[in-house]
Structure formats: C-alpha cells, structure tokens
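Dropping work05.cif in here (mmCIF, C-alpha atoms, pLDDT in the B column; chains and numbers go by the auth columns):
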data_input
#
loop_
_atom_site.group_PDB
_atom_site.id
_atom_site.type_symbol
_atom_site.label_atom_id
_atom_site.label_comp_id
_atom_site.label_asym_id
_atom_site.label_seq_id
_atom_site.Cartn_x
_atom_site.Cartn_y
_atom_site.Cartn_z
_atom_site.B_iso_or_equiv
_atom_site.auth_seq_id
_atom_site.auth_asym_id
ATOM 1 C CA MET A 1 70.151 45.058 -8.888 51.00 14 Y
ATOM 2 C CA ASN A 2 67.115 46.913 -7.609 63.00 15 Y
ATOM 3 C CA ARG A 3 63.931 47.028 -9.630 69.00 16 Y
ATOM 4 C CA GLN A 4 60.923 49.290 -9.441 83.00 17 Y
ATOM 5 C CA ARG A 5 57.351 48.546 -10.442 89.00 18 Y
ATOM 6 C CA TYR A 6 55.515 50.892 -12.794 90.00 19 Y
ATOM 7 C CA THR A 7 52.233 50.754 -14.689 92.00 20 Y
ATOM 8 C CA TYR A 8 52.211 51.331 -18.418 92.00 21 Y
ATOM 9 C CA GLN A 9 50.496 54.676 -17.810 92.00 22 Y
ATOM 10 C CA GLU A 10 53.240 55.781 -15.419 90.00 23 Y
ATOM 11 C CA LEU A 11 55.944 54.759 -17.890 88.00 24 Y
ATOM 12 C CA ALA A 12 54.205 56.569 -20.728 89.00 25 Y
ATOM 13 C CA GLU A 13 54.006 59.765 -18.646 90.00 26 Y
ATOM 14 C CA GLN A 14 57.613 59.442 -17.509 87.00 27 Y
ATOM 15 C CA TRP A 15 58.909 58.885 -21.030 86.00 28 Y
ATOM 16 C CA ASP A 16 56.440 61.351 -22.580 87.00 29 Y
ATOM 17 C CA ILE A 17 55.046 58.777 -25.020 92.00 30 Y
ATOM 18 C CA THR A 18 51.732 57.023 -25.533 93.00 31 Y
ATOM 19 C CA VAL A 19 50.678 53.941 -23.569 93.00 32 Y
ATOM 20 C CA PRO A 20 50.938 51.626 -26.628 94.00 33 Y
ATOM 21 C CA ALA A 21 54.469 52.955 -27.244 92.00 34 Y
ATOM 22 C CA ALA A 22 55.364 52.245 -23.608 91.00 35 Y
ATOM 23 C CA LYS A 23 54.041 48.682 -23.971 92.00 36 Y
ATOM 24 C CA GLN A 24 56.154 48.209 -27.086 93.00 37 Y
ATOM 25 C CA ARG A 25 59.278 49.474 -25.312 91.00 38 Y
ATOM 26 C CA VAL A 26 58.697 47.083 -22.432 91.00 39 Y
ATOM 27 C CA ARG A 27 58.232 44.163 -24.860 92.00 40 Y
ATOM 28 C CA ARG A 28 61.423 45.072 -26.748 92.00 41 Y
ATOM 29 C CA ALA A 29 63.422 45.394 -23.536 89.00 42 Y
ATOM 30 C CA GLY A 30 62.136 42.017 -22.339 90.00 43 Y
ATOM 31 C CA TRP A 31 61.201 43.269 -18.898 90.00 44 Y
ATOM 32 C CA LYS A 32 59.007 41.147 -16.692 91.00 45 Y
ATOM 33 C CA ARG A 33 55.382 42.082 -16.350 91.00 46 Y
ATOM 34 C CA GLY A 34 52.749 40.971 -13.894 91.00 47 Y
ATOM 35 C CA ARG A 35 49.090 41.595 -13.260 91.00 48 Y
ATOM 36 C CA GLY A 36 48.289 42.483 -9.689 88.00 49 Y
ATOM 37 C CA ASN A 37 45.179 41.568 -7.675 91.00 50 Y
ATOM 38 C CA ASP A 38 43.681 44.913 -8.705 91.00 51 Y
ATOM 39 C CA GLY A 39 43.922 43.876 -12.397 90.00 52 Y
ATOM 40 C CA VAL A 40 46.569 46.462 -13.282 91.00 53 Y
ATOM 41 C CA VAL A 41 49.702 45.295 -15.098 91.00 54 Y
ATOM 42 C CA ARG A 42 52.929 46.431 -13.512 93.00 55 Y
ATOM 43 C CA VAL A 43 56.365 46.238 -15.101 91.00 56 Y
ATOM 44 C CA LEU A 44 59.614 45.479 -13.255 89.00 57 Y
ATOM 45 C CA VAL A 45 61.991 48.159 -14.529 86.00 58 Y
ATOM 46 C CA PRO A 46 65.726 47.927 -13.741 83.00 59 Y
ATOM 47 C CA GLU A 47 67.252 51.076 -12.295 78.00 60 Y
ATOM 48 C CA ASP A 48 69.931 51.352 -14.974 70.00 61 Y
ATOM 49 C CA THR A 49 67.356 52.226 -17.636 66.00 62 Y
ATOM 50 C CA GLU A 50 67.896 56.000 -17.428 60.00 63 Y
ATOM 51 C CA ARG A 51 69.995 55.771 -20.560 47.00 64 Y
ATOM 52 C CA MET A 52 67.297 53.947 -22.482 51.00 65 Y
ATOM 53 C CA GLU A 53 64.585 56.379 -21.492 50.00 66 Y
ATOM 54 C CA THR A 54 66.277 59.416 -22.972 49.00 67 Y
ATOM 55 C CA THR A 55 68.135 57.895 -25.912 51.00 68 Y
ATOM 56 C CA VAL A 56 66.233 58.326 -29.151 54.00 69 Y
ATOM 57 C CA SER A 57 67.919 57.716 -32.478 60.00 70 Y
ATOM 58 C CA PRO A 58 68.239 60.684 -34.885 65.00 71 Y
ATOM 59 C CA LEU A 59 66.373 58.657 -37.472 71.00 72 Y
ATOM 60 C CA LYS A 60 63.454 58.342 -35.066 76.00 73 Y
ATOM 61 C CA LEU A 61 63.505 62.126 -34.533 79.00 74 Y
ATOM 62 C CA GLN A 62 63.343 62.732 -38.286 84.00 75 Y
ATOM 63 C CA GLU A 63 60.503 60.244 -38.596 87.00 76 Y
ATOM 64 C CA ASN A 64 58.643 61.945 -35.754 86.00 77 Y
ATOM 65 C CA GLN A 65 59.128 65.348 -37.378 89.00 78 Y
ATOM 66 C CA ALA A 66 57.913 63.997 -40.718 90.00 79 Y
ATOM 67 C CA ILE A 67 54.899 62.404 -39.069 92.00 80 Y
ATOM 68 C CA GLU A 68 54.114 65.636 -37.236 91.00 81 Y
ATOM 69 C CA THR A 69 54.388 67.595 -40.480 93.00 82 Y
ATOM 70 C CA LEU A 70 52.061 65.123 -42.169 93.00 83 Y
ATOM 71 C CA ARG A 71 49.591 65.386 -39.291 93.00 84 Y
ATOM 72 C CA ASP A 72 49.604 69.171 -39.570 93.00 85 Y
ATOM 73 C CA THR A 73 49.123 68.970 -43.325 94.00 86 Y
ATOM 74 C CA VAL A 74 46.254 66.507 -43.002 94.00 87 Y
ATOM 75 C CA GLU A 75 44.672 68.679 -40.319 93.00 88 Y
ATOM 76 C CA ASN A 76 44.942 71.778 -42.524 93.00 89 Y
ATOM 77 C CA LEU A 77 43.560 69.933 -45.538 94.00 90 Y
ATOM 78 C CA THR A 78 40.704 68.588 -43.456 94.00 91 Y
ATOM 79 C CA GLY A 79 39.846 72.112 -42.358 93.00 92 Y
ATOM 80 C CA VAL A 80 39.957 73.367 -45.947 93.00 93 Y
ATOM 81 C CA THR A 81 37.827 70.439 -47.086 94.00 94 Y
ATOM 82 C CA VAL A 82 35.212 71.179 -44.455 94.00 95 Y
ATOM 83 C CA LYS A 83 35.119 74.856 -45.475 93.00 96 Y
ATOM 84 C CA GLN A 84 34.838 73.965 -49.156 93.00 97 Y
ATOM 85 C CA ALA A 85 32.084 71.445 -48.453 92.00 98 Y
ATOM 86 C CA GLN A 86 30.161 74.156 -46.602 93.00 99 Y
ATOM 87 C CA ARG A 87 30.725 76.572 -49.496 91.00 100 Y
ATOM 88 C CA ILE A 88 29.492 73.974 -51.989 92.00 101 Y
ATOM 89 C CA GLU A 89 26.420 73.394 -49.857 91.00 102 Y
ATOM 90 C CA ASP A 90 25.715 77.144 -49.678 90.00 103 Y
ATOM 91 C CA LEU A 91 26.168 77.571 -53.436 90.00 104 Y
ATOM 92 C CA THR A 92 23.950 74.562 -54.143 90.00 105 Y
ATOM 93 C CA THR A 93 21.235 76.036 -51.954 90.00 106 Y
ATOM 94 C CA ALA A 94 21.538 79.399 -53.722 89.00 107 Y
ATOM 95 C CA LEU A 95 21.372 77.665 -57.110 90.00 108 Y
ATOM 96 C CA LEU A 96 18.241 75.744 -56.160 90.00 109 Y
ATOM 97 C CA ASP A 97 16.622 78.956 -54.899 90.00 110 Y
ATOM 98 C CA SER A 98 17.493 80.706 -58.157 89.00 111 Y
ATOM 99 C CA GLN A 99 16.078 77.823 -60.174 90.00 112 Y
ATOM 100 C CA GLU A 100 12.829 77.997 -58.207 91.00 113 Y
ATOM 101 C CA LYS A 101 12.572 81.754 -58.771 91.00 114 Y
ATOM 102 C CA ASN A 102 13.342 81.248 -62.457 90.00 115 Y
ATOM 103 C CA ALA A 103 10.567 78.654 -62.756 90.00 116 Y
ATOM 104 C CA VAL A 104 8.078 80.990 -61.060 92.00 117 Y
ATOM 105 C CA LEU A 105 9.068 83.850 -63.370 92.00 118 Y
ATOM 106 C CA ARG A 106 8.734 81.598 -66.433 91.00 119 Y
ATOM 107 C CA GLU A 107 5.236 80.596 -65.356 91.00 120 Y
ATOM 108 C CA ARG A 108 4.315 84.234 -64.841 90.00 121 Y
ATOM 109 C CA LEU A 109 5.728 85.152 -68.250 89.00 122 Y
ATOM 110 C CA ALA A 110 3.777 82.343 -69.908 89.00 123 Y
ATOM 111 C CA THR A 111 0.602 83.523 -68.199 89.00 124 Y
ATOM 112 C CA LEU A 112 1.165 87.089 -69.331 88.00 125 Y
ATOM 113 C CA GLU A 113 1.945 85.945 -72.868 86.00 126 Y
ATOM 114 C CA ALA A 114 -1.288 83.984 -72.902 87.00 127 Y
ATOM 115 C CA GLN A 115 -3.271 86.995 -71.723 87.00 128 Y
ATOM 116 C CA LYS A 116 -1.473 89.322 -74.164 74.00 129 Y
ATOM 117 C CA THR A 117 -1.220 91.986 -71.564 54.00 130 Y
ATOM 118 C CA PRO A 118 1.811 94.204 -71.232 53.00 131 Y
ATOM 119 C CA LEU A 119 3.971 93.819 -68.192 53.00 132 Y
ATOM 120 C CA PRO A 120 3.246 96.306 -65.396 59.00 133 Y
ATOM 121 C CA GLY A 121 5.186 99.521 -65.840 62.00 134 Y
ATOM 122 C CA ALA A 122 6.051 98.778 -69.463 59.00 135 Y
ATOM 123 C CA HIS A 123 4.996 101.500 -71.873 61.00 136 Y
ATOM 124 C CA SER A 124 4.004 100.350 -75.286 58.00 137 Y
ATOM 125 C CA LEU A 125 5.549 102.361 -78.077 58.00 138 Y
ATOM 126 C CA PRO A 126 3.403 103.283 -81.055 59.00 139 Y
ATOM 127 C CA GLN A 127 4.228 101.164 -84.040 60.00 140 Y
ATOM 128 C CA LYS A 128 5.226 103.033 -87.200 60.00 141 Y
ATOM 129 C CA PRO A 129 3.997 101.461 -90.361 58.00 142 Y
ATOM 130 C CA ILE A 130 6.745 100.315 -92.650 55.00 143 Y
ATOM 131 C CA VAL A 131 6.350 102.238 -95.896 52.00 144 Y
ATOM 132 C CA GLN A 132 8.138 101.407 -99.068 49.00 145 Y
ATOM 133 C CA SER A 133 9.123 104.767 -100.441 52.00 146 Y
ATOM 134 C CA ARG A 134 11.426 105.940 -103.148 50.00 147 Y
ATOM 135 C CA PRO A 135 14.931 106.982 -102.205 45.00 148 Y
ATOM 136 C CA GLN A 136 14.894 110.573 -101.069 56.00 149 Y
ATOM 137 C CA ASN A 137 18.446 111.469 -100.489 69.00 150 Y
ATOM 138 C CA LEU A 138 20.747 112.988 -103.071 74.00 151 Y
ATOM 139 C CA ILE A 139 23.301 110.186 -103.258 77.00 152 Y
ATOM 140 C CA GLU A 140 20.692 107.595 -104.067 76.00 153 Y
ATOM 141 C CA ARG A 141 19.278 109.798 -106.843 72.00 154 Y
ATOM 142 C CA VAL A 142 22.728 110.309 -108.360 74.00 155 Y
ATOM 143 C CA LEU A 143 23.418 106.590 -108.302 75.00 156 Y
ATOM 144 C CA ARG A 144 20.107 105.912 -109.990 72.00 157 Y
ATOM 145 C CA VAL A 145 20.939 108.348 -112.759 75.00 158 Y
ATOM 146 C CA LEU A 146 24.425 106.945 -113.259 77.00 159 Y
ATOM 147 C CA TYR A 147 23.556 103.259 -113.305 75.00 160 Y
ATOM 148 C CA LYS A 148 20.029 103.166 -114.636 75.00 161 Y
ATOM 149 C CA GLY A 149 19.946 106.276 -116.733 69.00 162 Y
ATOM 150 C CA ASP A 150 16.918 107.483 -114.768 64.00 163 Y
ATOM 151 C CA THR A 151 16.488 111.231 -115.117 63.00 164 Y
ATOM 152 C CA SER A 152 13.378 111.725 -113.082 62.00 165 Y
ATOM 153 C CA LEU A 153 13.642 114.180 -110.245 56.00 166 Y
ATOM 154 C CA ARG A 154 11.509 112.190 -107.915 53.00 167 Y
#
Do you think you could lay out the structure here as structure tokens?
Amino acid sequence: MNRQRYTYQELAEQWDITVPAAKQRVRRAGWKRGRGNDGVVRVLVPEDTERMETTVSPLKLQENQAIETLRDTVENLTGVTVKQAQRIEDLTTALLDSQEKNAVLRERLATLEAQKTPLPGAHSLPQKPIVQSRPQNLIERVLRVLYKGDTSLR
C-alpha cells in the first residue's frame, strides 16, 4: 500500500474544507502524522482514500445548509443592526440639537417677557374695552318681555 504525505493545508484545499476540519478528519481516520525538520506536520494518507474524500452524509449536507442559512441571517441582522444604530445616533444628535435650540428660544422669550417688548414683526392689535351693554337684538328683547314682563323698548 502506497502512502503520500500531505500538510493539513494541502488536505484542506484538496477536500475544500477548513484546516481544523482537515485535522479532525485525520484524527478520526487514525492516520499517522509527523513533524518534519522544517516544523510542518505532514500526514501519511493511504491512496485508497478517494472514497472518503468525496463521501459526505446527507445529514451533514443538511446541517451545512442550515448553518449557511443561519450565517446569512446573522449577517443580514448584523447589517440591519448597524444601520439602525446609525439611525438612532443621527436621531439622538438631531434631538439634542433641537433641545439646545429650544433652550435658546426659551431664554430669548423670557428676556422679551421681562422687557415687555413685542416680538419683532408682531403688530399689536388695539384692545377694545369690554362694555356691559343691554341686549340689543330683537330676540333678546322678546325673551325679556316674555319671561320678566319687561315692556321697555330699550
């Protein structure tokens, strides 16, 4: 039986998986490993492993699809969260600006109230004196006559 030596990186690329996944596969298969003088670990892989490389259980495929769907969902939610956080920050800034403007306007209003001066551009309307007068319209006179017996014309 011939064997070939591969690094974990080479196995991961060949099997289209991550390096930790390649290490796990090697451990499960019980293949011999050895560290060379260059410090790189190489794995003795039997040649009849073609079957193992391509065989993936249907359950594993479903799990991978579910994990990928979850990753996509988390990625989308993260993007939405970042956008909403930015929106909240913008609205908070706008609110603080409005509060500052409101405070300045309140101070100005208090100053103007204290000085009793009209606001610029405001026209003061002449005040009509409130006069207590007798009822002048016809209906009020008729009611007075009916209920009070008042016969005066005024």
inquiry  = Which residue is closest to Val58 in chain Y? Choose from Y:Glu23, Y:Glu113, Y:Glu76, Y:Asp85 and count all atoms listed in the file.
reply    = Y:Glu23
inquiry  = Can you spell out as a ChimeraX atom specification the set of residues that the PyMOL selection byres ((chain Y and resi 21) around 12) selects in the structure I just provided?
reply    = /Y:18-20,22-40,46-48,53-58
Written file, previous selection with C-alpha atoms, as a compact mmCIF listing (two decimals), in the coordinates of the input:
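To be explicit, this is the file written out as result14.txt:
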# COMPACT_ATOMS: atom_id res chain seq x y z
CA ARG Y 18 57.35 48.55 -10.44
CA TYR Y 19 55.52 50.89 -12.79
CA THR Y 20 52.23 50.75 -14.69
CA GLN Y 22 50.50 54.68 -17.81
CA GLU Y 23 53.24 55.78 -15.42
CA LEU Y 24 55.94 54.76 -17.89
CA ALA Y 25 54.20 56.57 -20.73
CA GLU Y 26 54.01 59.76 -18.65
CA GLN Y 27 57.61 59.44 -17.51
CA TRP Y 28 58.91 58.88 -21.03
CA ASP Y 29 56.44 61.35 -22.58
CA ILE Y 30 55.05 58.78 -25.02
CA THR Y 31 51.73 57.02 -25.53
CA VAL Y 32 50.68 53.94 -23.57
CA PRO Y 33 50.94 51.63 -26.63
CA ALA Y 34 54.47 52.96 -27.24
CA ALA Y 35 55.36 52.24 -23.61
CA LYS Y 36 54.04 48.68 -23.97
CA GLN Y 37 56.15 48.21 -27.09
CA ARG Y 38 59.28 49.47 -25.31
CA VAL Y 39 58.70 47.08 -22.43
CA ARG Y 40 58.23 44.16 -24.86
CA ARG Y 46 55.38 42.08 -16.35
CA GLY Y 47 52.75 40.97 -13.89
CA ARG Y 48 49.09 41.60 -13.26
CA VAL Y 53 46.57 46.46 -13.28
CA VAL Y 54 49.70 45.30 -15.10
CA ARG Y 55 52.93 46.43 -13.51
CA VAL Y 56 56.36 46.24 -15.10
CA LEU Y 57 59.61 45.48 -13.26
CA VAL Y 58 61.99 48.16 -14.53
query = How far is it from CA of Gln78 in chain Y to CA of Gly43 in chain Y, in Å with one decimal?
reply = 27.9 Å
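Separating CA of Val93 in chain Y from CA of Ala79 in chain Y is a distance of 20.9 Å.
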ask   = Between Y:Gln112, Y:Glu88, Y:Glu102, Y:Gln17, which is the closest to Asp61 in chain Y once you count all atoms listed in the file?
value = Y:Gln17
Any chance you could build range 25-49 of chain Y out to N, CA and C atoms and write it as a short mmCIF file (atom, residue, chain, number, x, y, z; two decimals), in the frame of the given file?
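What landed in rebuild-v3.cif:
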data_model
loop_
_atom_site.label_atom_id
_atom_site.label_comp_id
_atom_site.auth_asym_id
_atom_site.auth_seq_id
_atom_site.Cartn_x
_atom_site.Cartn_y
_atom_site.Cartn_z
N ALA Y 25 54.52 55.69 -19.60
CA ALA Y 25 54.20 56.57 -20.73
C ALA Y 25 54.35 58.03 -20.32
N GLU Y 26 53.88 58.38 -19.12
CA GLU Y 26 54.01 59.76 -18.65
C GLU Y 26 55.47 60.12 -18.38
N GLN Y 27 56.20 59.18 -17.81
CA GLN Y 27 57.61 59.44 -17.51
C GLN Y 27 58.42 59.62 -18.79
N TRP Y 28 58.16 58.82 -19.79
CA TRP Y 28 58.91 58.88 -21.03
C TRP Y 28 58.29 59.85 -22.03
N ASP Y 29 57.16 60.41 -21.71
CA ASP Y 29 56.44 61.35 -22.58
C ASP Y 29 56.10 60.70 -23.93
N ILE Y 30 55.51 59.52 -23.84
CA ILE Y 30 55.05 58.78 -25.02
C ILE Y 30 53.65 58.25 -24.75
N THR Y 31 53.07 57.59 -25.73
CA THR Y 31 51.73 57.02 -25.53
C THR Y 31 51.83 55.69 -24.80
N VAL Y 32 50.70 55.22 -24.29
CA VAL Y 32 50.68 53.94 -23.57
C VAL Y 32 51.05 52.78 -24.51
N PRO Y 33 50.51 52.72 -25.74
CA PRO Y 33 50.94 51.63 -26.63
C PRO Y 33 52.44 51.66 -26.91
N ALA Y 34 53.03 52.85 -27.02
CA ALA Y 34 54.47 52.96 -27.24
C ALA Y 34 55.23 52.45 -26.03
N ALA Y 35 54.72 52.73 -24.83
CA ALA Y 35 55.36 52.24 -23.61
C ALA Y 35 55.29 50.72 -23.56
N LYS Y 36 54.17 50.15 -23.94
CA LYS Y 36 54.04 48.68 -23.97
C LYS Y 36 55.04 48.08 -24.94
N GLN Y 37 55.21 48.71 -26.09
CA GLN Y 37 56.15 48.21 -27.09
C GLN Y 37 57.58 48.26 -26.56
N ARG Y 38 57.92 49.35 -25.88
CA ARG Y 38 59.28 49.47 -25.31
C ARG Y 38 59.54 48.37 -24.28
N VAL Y 39 58.54 48.11 -23.46
CA VAL Y 39 58.70 47.08 -22.43
C VAL Y 39 58.89 45.72 -23.10
N ARG Y 40 58.11 45.43 -24.14
CA ARG Y 40 58.23 44.16 -24.86
C ARG Y 40 59.63 44.03 -25.48
N ARG Y 41 60.10 45.11 -26.11
CA ARG Y 41 61.42 45.07 -26.75
C ARG Y 41 62.55 44.87 -25.73
N ALA Y 42 62.38 45.50 -24.57
CA ALA Y 42 63.42 45.39 -23.54
C ALA Y 42 63.37 44.03 -22.85
N GLY Y 43 62.26 43.34 -22.95
CA GLY Y 43 62.14 42.02 -22.34
C GLY Y 43 61.96 42.07 -20.83
N TRP Y 44 61.40 43.14 -20.34
CA TRP Y 44 61.20 43.27 -18.90
C TRP Y 44 60.01 42.43 -18.46
N LYS Y 45 60.08 41.98 -17.23
CA LYS Y 45 59.01 41.15 -16.69
C LYS Y 45 57.80 42.02 -16.36
N ARG Y 46 56.64 41.40 -16.63
CA ARG Y 46 55.38 42.08 -16.35
C ARG Y 46 54.53 41.17 -15.50
N GLY Y 47 53.65 41.78 -14.71
CA GLY Y 47 52.75 40.97 -13.89
C GLY Y 47 51.48 41.73 -13.57
N ARG Y 48 50.39 40.98 -13.58
CA ARG Y 48 49.09 41.60 -13.26
C ARG Y 48 48.85 41.42 -11.76
N GLY Y 49 48.55 42.51 -11.12
CA GLY Y 49 48.29 42.48 -9.69
C GLY Y 49 46.86 42.06 -9.38
#
